[in-house]
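Data file: input.txt. Format and content: compact mmCIF, C-alpha atoms and all ligand atoms.
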# COMPACT_ATOMS: atom_id res chain seq x y z
CA MET O 1 -103.22 213.29 164.19
CA ASN O 2 -103.82 211.61 160.84
CA PHE O 3 -104.64 208.03 159.99
CA SER O 4 -105.33 206.30 156.72
CA TYR O 5 -106.87 202.90 156.02
CA ASP O 6 -107.67 201.04 152.83
CA ILE O 7 -110.85 199.03 152.32
CA ALA O 8 -111.36 196.21 149.84
CA GLY O 9 -114.82 195.85 148.28
CA GLY O 10 -116.49 192.55 149.12
CA ASP O 11 -114.15 191.80 152.00
CA PHE O 12 -116.67 191.21 154.78
CA VAL O 13 -114.20 189.37 156.98
CA ASN O 14 -112.07 192.48 157.42
CA ALA O 15 -114.91 195.00 157.38
CA GLY O 16 -114.74 196.93 160.61
CA GLN O 17 -111.00 196.75 161.17
CA ALA O 18 -110.53 200.45 160.55
CA SER O 19 -113.43 201.30 162.88
CA SER O 20 -111.99 198.99 165.49
CA ALA O 21 -108.56 200.63 165.19
CA LEU O 22 -110.11 204.09 165.43
CA LYS O 23 -112.06 203.06 168.50
CA LYS O 24 -108.84 202.08 170.26
CA ILE O 25 -107.20 205.39 169.32
CA LEU O 26 -110.18 207.47 170.52
CA LYS O 27 -110.29 205.50 173.76
CA SER O 28 -106.61 206.13 174.34
CA LEU O 29 -107.31 209.85 173.96
CA ASN O 30 -109.82 209.52 176.81
CA LEU O 31 -112.65 211.05 174.82
CA ASP O 32 -116.25 210.89 175.98
CA SER O 33 -117.62 207.36 175.50
CA SER O 34 -120.76 208.49 173.69
CA LEU O 35 -118.68 210.57 171.26
CA ILE O 36 -116.51 207.51 170.65
CA ARG O 37 -119.54 205.30 170.05
CA ARG O 38 -121.20 207.78 167.69
CA THR O 39 -117.98 208.19 165.73
CA VAL O 40 -117.10 204.52 165.37
CA VAL O 41 -120.71 203.56 164.57
CA SER O 42 -120.66 206.15 161.75
CA LEU O 43 -117.33 204.94 160.42
CA TYR O 44 -118.37 201.30 160.67
CA GLU O 45 -121.56 201.94 158.66
CA ALA O 46 -119.46 203.78 156.07
CA GLU O 47 -116.88 201.01 155.97
CA VAL O 48 -119.55 198.34 155.48
CA ASN O 49 -121.10 200.43 152.70
CA VAL O 50 -117.82 200.42 150.79
CA VAL O 51 -117.44 196.67 151.32
CA ALA O 52 -121.07 196.02 150.37
CA HIS O 53 -121.62 198.49 147.55
CA ALA O 54 -118.26 199.60 146.09
CA TRP O 55 -115.05 198.10 144.73
CA SER O 56 -112.34 199.66 146.82
CA GLY O 57 -112.01 202.57 149.17
CA ASN O 58 -109.91 204.62 151.51
CA ILE O 59 -110.51 206.21 154.89
CA GLN O 60 -108.75 209.36 156.06
CA VAL O 61 -109.12 210.29 159.71
CA ASN O 62 -107.98 213.61 161.07
CA ILE O 63 -108.19 214.24 164.79
CA GLN O 64 -107.94 217.83 166.02
CA PRO O 65 -108.38 219.07 169.59
CA ASP O 66 -111.91 220.23 168.76
CA GLN O 67 -113.11 217.73 166.15
CA ILE O 68 -112.76 214.36 164.49
CA CYS O 69 -112.99 214.51 160.72
CA ILE O 70 -113.37 211.36 158.63
CA VAL O 71 -113.43 211.13 154.83
CA VAL O 72 -114.36 207.81 153.24
CA SER O 73 -113.91 207.76 149.49
CA ASP O 74 -114.45 204.84 147.18
CA LYS O 75 -114.28 203.71 143.62
CA GLY O 76 -117.54 202.07 142.76
CA PRO O 77 -120.91 202.41 141.08
CA GLY O 78 -121.69 205.59 143.00
CA ILE O 79 -125.15 206.68 144.10
CA ASN O 80 -127.61 208.00 141.52
CA ASP O 81 -130.10 209.59 143.87
CA ILE O 82 -128.60 210.64 147.19
CA ASN O 83 -131.94 211.78 148.67
CA LEU O 84 -133.38 208.36 147.96
CA ALA O 85 -130.32 206.59 149.39
CA MET O 86 -130.65 208.63 152.59
CA GLN O 87 -134.20 207.39 153.16
CA LYS O 88 -134.68 204.83 155.90
CA GLY O 89 -135.31 201.43 154.37
CA TYR O 90 -133.93 202.15 150.90
CA SER O 91 -131.38 199.50 149.96
CA THR O 92 -129.97 197.89 146.85
CA ALA O 93 -127.97 195.36 148.87
CA SER O 94 -127.46 191.96 147.26
CA PRO O 95 -128.81 188.75 148.85
CA GLU O 96 -125.23 187.93 149.96
CA VAL O 97 -124.99 191.25 151.81
CA ARG O 98 -128.38 190.62 153.43
CA GLU O 99 -127.23 187.22 154.60
CA MET O 100 -124.41 188.95 156.44
CA GLY O 101 -126.94 190.92 158.46
CA PHE O 102 -126.78 194.11 156.40
CA GLY O 103 -129.03 195.69 153.81
CA ALA O 104 -131.75 197.17 156.00
CA GLY O 105 -131.29 200.56 154.38
CA MET O 106 -130.50 202.10 157.72
CA GLY O 107 -126.77 202.78 157.43
CA LEU O 108 -126.79 206.26 155.89
CA PRO O 109 -129.63 207.57 158.13
CA ASN O 110 -127.72 206.06 161.05
CA ILE O 111 -124.58 207.98 160.07
CA LYS O 112 -126.64 211.15 159.90
CA ASP O 113 -127.96 210.56 163.42
CA ASN O 114 -124.52 209.84 164.81
CA SER O 115 -122.54 212.69 163.31
CA ASP O 116 -122.53 216.47 163.72
CA VAL O 117 -121.81 217.06 160.03
CA MET O 118 -122.40 214.58 157.22
CA GLU O 119 -121.68 215.33 153.58
CA LEU O 120 -122.31 212.76 150.87
CA ARG O 121 -121.23 213.29 147.29
CA SER O 122 -121.18 210.85 144.45
CA THR O 123 -120.40 210.60 140.77
CA PRO O 124 -122.41 207.71 139.32
CA GLY O 125 -120.09 205.24 137.62
CA GLU O 126 -117.03 206.56 139.44
CA GLY O 127 -117.46 206.56 143.16
CA THR O 128 -118.66 208.11 146.37
CA GLU O 129 -117.21 210.41 148.99
CA LEU O 130 -118.57 210.69 152.50
CA LYS O 131 -117.37 213.25 155.02
CA ILE O 132 -118.24 212.94 158.69
CA VAL O 133 -117.33 215.49 161.36
CA ASN O 134 -117.90 215.05 165.06
CA LYS O 135 -117.14 217.89 167.44
CA ILE O 136 -115.12 217.30 170.56
CA LEU O 137 -116.63 219.30 173.42
CA SER O 138 -114.24 220.11 176.20
CA MET S 1 -130.34 189.44 185.63
CA THR S 2 -126.98 187.74 185.97
CA ILE S 3 -125.28 186.03 183.03
CA GLN S 4 -125.44 182.88 185.14
CA GLU S 5 -129.24 183.15 185.32
CA ILE S 6 -129.48 183.78 181.56
CA LEU S 7 -127.46 180.60 181.02
CA MET S 8 -129.78 178.66 183.29
CA ARG S 9 -133.03 180.02 181.82
CA THR S 10 -132.00 179.49 178.20
CA GLU S 11 -130.11 176.25 178.87
CA GLY S 12 -127.29 178.07 177.20
CA GLU S 13 -123.63 177.34 177.00
CA ILE S 14 -121.03 180.04 177.53
CA ARG S 15 -118.46 180.17 174.73
CA CYS S 16 -116.45 183.19 175.76
CA GLY S 17 -116.20 185.41 178.83
CA GLU S 18 -116.58 182.76 181.59
CA HIS S 19 -115.11 185.19 184.09
CA ARG S 20 -118.03 187.60 183.63
CA LYS S 21 -120.74 185.12 184.70
CA ASP S 22 -121.63 187.06 187.82
CA GLU S 23 -122.22 190.35 186.04
CA THR S 24 -125.76 191.59 185.62
CA VAL S 25 -127.51 192.92 182.56
CA GLY S 26 -130.75 194.88 182.73
CA ARG S 27 -132.11 194.95 179.21
CA ALA S 28 -132.17 192.95 176.00
CA PHE S 29 -132.74 193.51 172.30
CA CYS S 30 -133.47 190.91 169.61
CA SER S 31 -132.33 191.47 166.03
CA ASP S 32 -130.66 189.88 163.05
CA LEU S 33 -130.18 193.26 161.38
CA MET S 34 -126.84 194.79 162.22
CA SER S 35 -127.79 198.36 161.27
CA ASP S 36 -130.71 198.00 163.64
CA VAL S 37 -128.35 197.06 166.45
CA LEU S 38 -126.17 200.05 165.59
CA THR S 39 -129.04 202.46 166.28
CA LEU S 40 -129.38 201.43 169.91
CA GLY S 41 -127.07 203.90 171.57
CA CYS S 42 -127.08 202.24 174.96
CA GLN S 43 -124.82 199.90 176.84
CA ASP S 44 -125.62 197.25 179.44
CA VAL S 45 -127.71 195.31 176.95
CA LEU S 46 -127.90 191.69 175.92
CA LEU S 47 -128.09 191.22 172.16
CA VAL S 48 -130.15 188.17 171.19
CA THR S 49 -129.49 187.21 167.58
CA GLY S 50 -129.62 184.39 165.09
CA LEU S 51 -126.87 185.97 163.04
CA ALA S 52 -123.70 184.08 163.86
CA ASN S 53 -120.82 185.63 161.97
CA VAL S 54 -117.80 187.83 162.59
CA GLN S 55 -119.83 190.91 161.67
CA ALA S 56 -122.20 190.31 164.56
CA ILE S 57 -119.22 190.51 166.94
CA ARG S 58 -117.84 193.59 165.15
CA THR S 59 -121.22 195.26 165.32
CA ALA S 60 -121.44 194.60 169.05
CA GLU S 61 -117.94 196.01 169.45
CA MET S 62 -118.90 199.27 167.72
CA ALA S 63 -122.20 199.52 169.61
CA ASP S 64 -120.50 198.90 172.97
CA ILE S 65 -122.51 195.74 173.58
CA SER S 66 -120.66 193.14 175.62
CA TYR S 67 -123.20 190.34 175.92
CA ILE S 68 -124.45 188.32 172.95
CA LEU S 69 -126.79 185.34 173.00
CA PHE S 70 -126.91 183.28 169.79
CA VAL S 71 -130.13 181.33 169.33
CA ARG S 72 -131.02 178.15 167.41
CA ASN S 73 -127.73 176.42 167.96
CA LYS S 74 -125.83 178.50 165.45
CA ASN S 75 -122.20 177.58 164.90
CA ILE S 76 -119.87 179.97 166.70
CA THR S 77 -116.54 179.89 164.92
CA ASP S 78 -113.08 180.16 166.49
CA GLU S 79 -112.66 183.44 164.64
CA MET S 80 -115.76 184.83 166.35
CA VAL S 81 -114.56 183.67 169.76
CA GLN S 82 -111.15 185.22 169.17
CA LEU S 83 -112.59 188.58 168.20
CA ALA S 84 -114.98 188.45 171.16
CA ARG S 85 -112.10 187.63 173.50
CA GLU S 86 -110.07 190.58 172.21
CA ASN S 87 -113.03 192.77 173.11
CA ASN S 88 -113.74 191.09 176.44
CA MET S 89 -117.25 190.01 175.44
CA VAL S 90 -119.53 187.27 176.70
CA LEU S 91 -120.85 184.87 174.05
CA ILE S 92 -123.67 182.46 174.86
CA GLN S 93 -125.07 179.81 172.58
CA CYS S 94 -128.44 178.12 173.05
CA LYS S 95 -130.72 175.76 171.16
CA SER S 96 -134.02 177.60 171.59
CA SER S 97 -135.59 179.93 169.05
CA MET S 98 -135.44 183.70 169.36
CA PHE S 99 -139.15 183.78 170.25
CA LYS S 100 -138.77 181.27 173.06
CA VAL S 101 -135.66 182.91 174.51
CA ALA S 102 -137.30 186.34 174.42
CA GLY S 103 -140.38 184.98 176.17
CA GLU S 104 -138.40 183.20 178.89
CA LEU S 105 -136.13 186.13 179.65
CA PHE S 106 -138.91 188.72 179.51
CA THR S 107 -141.04 186.67 181.89
CA ALA S 108 -138.08 186.38 184.24
CA GLY S 109 -137.79 190.17 184.38
CA LEU S 110 -135.25 191.17 181.74
CA GLN S 111 -136.43 194.52 180.34
CA PRO S 112 -136.86 195.54 176.70
CA ILE S 113 -135.05 198.64 175.41
CA TYR S 114 -138.13 200.08 173.76
N1 LIG F 1 -120.39 203.70 149.05
C1 LIG F 1 -121.48 203.46 148.31
N2 LIG F 1 -121.39 203.19 146.98
C2 LIG F 1 -122.49 202.93 146.22
N3 LIG F 1 -123.74 202.90 146.72
C3 LIG F 1 -123.90 203.16 148.04
C4 LIG F 1 -122.80 203.44 148.89
N4 LIG F 1 -123.28 203.66 150.13
C5 LIG F 1 -124.60 203.52 150.06
N5 LIG F 1 -125.00 203.22 148.79
C6 LIG F 1 -126.38 203.04 148.29
O1 LIG F 1 -127.29 203.62 149.23
C7 LIG F 1 -128.17 202.61 149.73
C8 LIG F 1 -128.53 202.91 151.17
O2 LIG F 1 -127.35 202.79 151.99
P1 LIG F 1 -127.53 202.44 153.53
O3 LIG F 1 -126.20 202.32 154.15
O4 LIG F 1 -128.49 203.41 154.14
O5 LIG F 1 -128.27 201.02 153.50
P2 LIG F 1 -127.67 199.59 153.14
O6 LIG F 1 -126.20 199.64 153.12
O7 LIG F 1 -128.34 199.11 151.91
O8 LIG F 1 -128.18 198.72 154.38
P3 LIG F 1 -127.64 198.83 155.90
O9 LIG F 1 -126.70 199.98 155.96
O10 LIG F 1 -128.87 199.02 156.74
O11 LIG F 1 -126.99 197.54 156.19
C9 LIG F 1 -127.44 201.30 149.49
O12 LIG F 1 -128.29 200.18 149.44
C10 LIG F 1 -126.76 201.59 148.14
O13 LIG F 1 -127.69 201.49 147.09
MG MG F 2 -125.16 200.49 154.74

Write-out of the structure in structure tokens:
Amino acid sequence: MNFSYDIAGGDFVNAGQASSALKKILKSLNLDSSLIRRTVVSLYEAEVNVVAHAWSGNIQVNIQPDQICIVVSDKGPGINDINLAMQKGYSTASPEVREMGFGAGMGLPNIKDNSDVMELRSTPGEGTELKIVNKILS
Amino acid sequence: MTIQEILMRTEGEIRCGEHRKDETVGRAFCSDLMSDVLTLGCQDVLLVTGLANVQAIRTAEMADISYILFVRNKNITDEMVQLARENNMVLIQCKSSMFKVAGELFTAGLQPIY
């Protein structure tokens, strides 16, 4: 199964719609509730990162019998130092983003904790690509 | 602790999820940081927050949290109520501060997560 969603940078009102849609799909597939939570929490953090830090983005979800694979790619400023960005507490979020309840610098580490495979690549000045894979255990 | 008792102890007003008043919740967590809430990894928890926006509801949806208590008389918008209703959540609003609410509920036996 494949799904695709677009994300608009700065659009906090709609941030989370893709994660919400994916949650409904995963529930309808009767997957384990903790797998569903880990997967949608990861996607939601990724979605909010595009809204908060990039200009526009796209989410591709591929669901196989044994795994859920999500690729979130965006056009944006990119990340200069990925190791630094992965550190708990590191954030460049604007005051507006902080007012929304984000910007604790916990999103990327949170994705790492909630996914089986996480790959983050970025070209500064162009954009960022995040791949998340969660295994489905039968 | 039942939702009904939480309403009584916080002098709160229920804004969504009236039909779930008799349900019980065992633990609570206070935060205004959504990424913090997203690390919890447990259900059956009451989120106490001063962050009243649509993202707070979305965050609760993703974290499988169905009970939210908004402190300090924050404005709960129709949009928030609608999203909460779609997700069958309970929203409570109260006038007290986060510190006071936490103290009252803790004293009455509601457990912390950590
Ligand atoms: N898609 C992205 N494009 C550009 N920069 C990003 C992107 N995602 C993350 N970053 C950078 O990495 C930092 C850390 O991201 P992380 O998600 O861990 O924290 P945050 O988004 O700042 O706060 P939180 O996720 O806790 O709300 C961000 O502040 C930002 O500088
Ligand atoms: Mg983030």

Do me a favour and pick out the residues of chain S within 7 Å of chain O, using all atoms listed in the file, as a list in words.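 So the contacting residues turn out to be Asp32, Leu33, Met34, Ser35, Leu38, Thr39, Leu51, Val54, Arg58, Met62 and Ala63 of chain S.
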
Mind pulling up the distance from atom CA of S:Asp44 to atom CA of S:Asn87?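 It comes out at 14.8 Å.
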
Nearest to ligand LIG 1 (chain F): which of S:Gln55, S:Thr2, S:Thr24, S:Asn73 is it, counting only C-alpha atoms and all ligand atoms? S:Gln55

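Of note, atom CA of O:Thr123 and atom CA of O:Lys88 are spaced 21.6 Å apart.
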
Wanna dump the chain O-ligand LIG 1 (chain F) contacts at 9 Å for me, each residue with its shortest atom pair and the distance in Å to one decimal, counting only C-alpha atoms and all ligand atoms, ordered by chain and number, as CSV?
residue,atom,partner,partner_atom,distance
O:Glu45,CA,F:LIG1,O9,6.1
O:Ala46,CA,F:LIG1,N4,7.1
O:Glu47,CA,F:LIG1,N1,8.2
O:Val48,CA,F:LIG1,O6,7.2
O:Asn49,CA,F:LIG1,N4,4.7
O:Val50,CA,F:LIG1,N1,4.5
O:Val51,CA,F:LIG1,N1,8.0
O:Ala52,CA,F:LIG1,O6,6.9
O:His53,CA,F:LIG1,C2,4.7
O:Ala54,CA,F:LIG1,N2,4.8
O:Trp55,CA,F:LIG1,N2,8.4
O:Gly57,CA,F:LIG1,N1,8.5
O:Val72,CA,F:LIG1,N1,8.4
O:Ser73,CA,F:LIG1,N1,7.7
O:Asp74,CA,F:LIG1,N1,6.3
O:Lys75,CA,F:LIG1,N2,7.9
O:Gly76,CA,F:LIG1,N2,5.8
O:Pro77,CA,F:LIG1,C2,5.4
O:Gly78,CA,F:LIG1,C2,4.3
O:Ile79,CA,F:LIG1,N3,4.8
O:Asn80,CA,F:LIG1,N3,8.2
O:Asp81,CA,F:LIG1,O1,8.5
O:Ile82,CA,F:LIG1,O1,7.4
O:Leu84,CA,F:LIG1,O1,7.8
O:Ala85,CA,F:LIG1,O1,4.2
O:Met86,CA,F:LIG1,O4,5.9
O:Gln87,CA,F:LIG1,O4,7.0
O:Lys88,CA,F:LIG1,O4,6.6
O:Gly89,CA,F:LIG1,O4,7.1
O:Tyr90,CA,F:LIG1,C8,5.5
O:Ser91,CA,F:LIG1,O12,3.2
O:Thr92,CA,F:LIG1,O12,3.8
O:Ala93,CA,F:LIG1,O7,4.8
O:Ser94,CA,F:LIG1,O12,8.5
O:Val97,CA,F:LIG1,O11,7.9
O:Arg98,CA,F:LIG1,O11,7.6
O:Met100,CA,F:LIG1,O11,9.0
O:Gly101,CA,F:LIG1,O11,7.0
O:Phe102,CA,F:LIG1,O11,3.4
O:Gly103,CA,F:LIG1,O8,3.2
O:Ala104,CA,F:LIG1,O10,3.5
O:Gly105,CA,F:LIG1,O5,3.2
O:Met106,CA,F:LIG1,O10,3.6
O:Gly107,CA,F:LIG1,O9,3.2
O:Leu108,CA,F:LIG1,O4,3.8
O:Pro109,CA,F:LIG1,O4,5.9
O:Asn110,CA,F:LIG1,O4,7.4
O:Ile111,CA,F:LIG1,O3,8.3
O:Ser122,CA,F:LIG1,N2,8.1
O:Pro124,CA,F:LIG1,C2,8.4
O:Gly127,CA,F:LIG1,N2,6.4
O:Thr128,CA,F:LIG1,N1,5.4
O:Glu129,CA,F:LIG1,N1,7.4
O:Leu130,CA,F:LIG1,N1,8.0

For ligand MG 2 (chain F), which residue out of S:Asp36, S:Glu61, S:Leu91, S:Lys100 is the nearest one, using all atoms listed in the file? S:Asp36

Using all atoms listed in the file, find all polymer residues with an atom at most 6 Å away from the point (-116.9, 217.0, 164.6); report them as number ranges by chain. O: 67-68, 116, 133-135

Next, dump the selected residues to file, keeping only C-alpha atoms, as an mmCIF file, in the frame of the given file.
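Printed below is selection_11.cif as written:
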data_model
loop_
_atom_site.group_PDB
_atom_site.id
_atom_site.type_symbol
_atom_site.label_atom_id
_atom_site.label_comp_id
_atom_site.auth_asym_id
_atom_site.auth_seq_id
_atom_site.Cartn_x
_atom_site.Cartn_y
_atom_site.Cartn_z
ATOM 1 C CA GLN O 67 -113.110 217.730 166.150
ATOM 2 C CA ILE O 68 -112.760 214.360 164.490
ATOM 3 C CA ASP O 116 -122.530 216.470 163.720
ATOM 4 C CA VAL O 133 -117.330 215.490 161.360
ATOM 5 C CA ASN O 134 -117.900 215.050 165.060
ATOM 6 C CA LYS O 135 -117.140 217.890 167.440
#

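If you look at atom CA of S:Ser97 and atom CA of S:Ile65, they are 21.0 Å away from each other.
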
Output as JSON the centre and edge lengths (Å, one decimal) of the box along x, y and z of the file that holds every listed atom of stretch 76-89 of chain S after adding 4 Å on each side.
{"center_x": -115.0, "center_y": 186.3, "center_z": 170.5, "size_x": 17.8, "size_y": 20.9, "size_z": 19.8}

Within 9 Å of (-110.2, 213.6, 172.1), in the coordinates the file gives, what residues turn up when you count all atoms listed in the file, written out as a compact mmCIF listing (two decimals) with C-alpha atoms, in the frame of the given file?
# COMPACT_ATOMS: atom_id res chain seq x y z
CA LEU O 26 -110.18 207.47 170.52
CA LYS O 27 -110.29 205.50 173.76
CA SER O 28 -106.61 206.13 174.34
CA LEU O 29 -107.31 209.85 173.96
CA ASN O 30 -109.82 209.52 176.81
CA LEU O 31 -112.65 211.05 174.82
CA ASP O 32 -116.25 210.89 175.98
CA ILE O 36 -116.51 207.51 170.65
CA ILE O 63 -108.19 214.24 164.79
CA GLN O 64 -107.94 217.83 166.02
CA PRO O 65 -108.38 219.07 169.59
CA ASP O 66 -111.91 220.23 168.76
CA GLN O 67 -113.11 217.73 166.15
CA ILE O 68 -112.76 214.36 164.49
CA ILE O 136 -115.12 217.30 170.56
CA LEU O 137 -116.63 219.30 173.42
CA SER O 138 -114.24 220.11 176.20

Distance criterion (all atoms listed in the file): nearest to ligand MG 2 (chain F) out of O:Cys69, O:Gly125, O:Lys112, O:Ala18: O:Lys112

Using only C-alpha atoms, can you tell me which of S:Arg9, S:Ala28, S:Ile57, S:Val48 comes closest to S:Glu79?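 Under the stated criterion, the closest residue is S:Ile57.
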
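With all atoms listed in the file taken into account, the protein and nucleic acid residues at most 9 Å from S:Glu18 (excluding it and anything under 3 positions from it in its own chain) are S:Ile14, S:Arg15, S:Lys21, S:Val90, S:Leu91.
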
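For the residues O:Asn83, O:Glu126, O:Arg121, O:Leu22, ranking by smallest atom-to-atom distance to O:Ile70 using all atoms listed in the file places O:Leu22 first.
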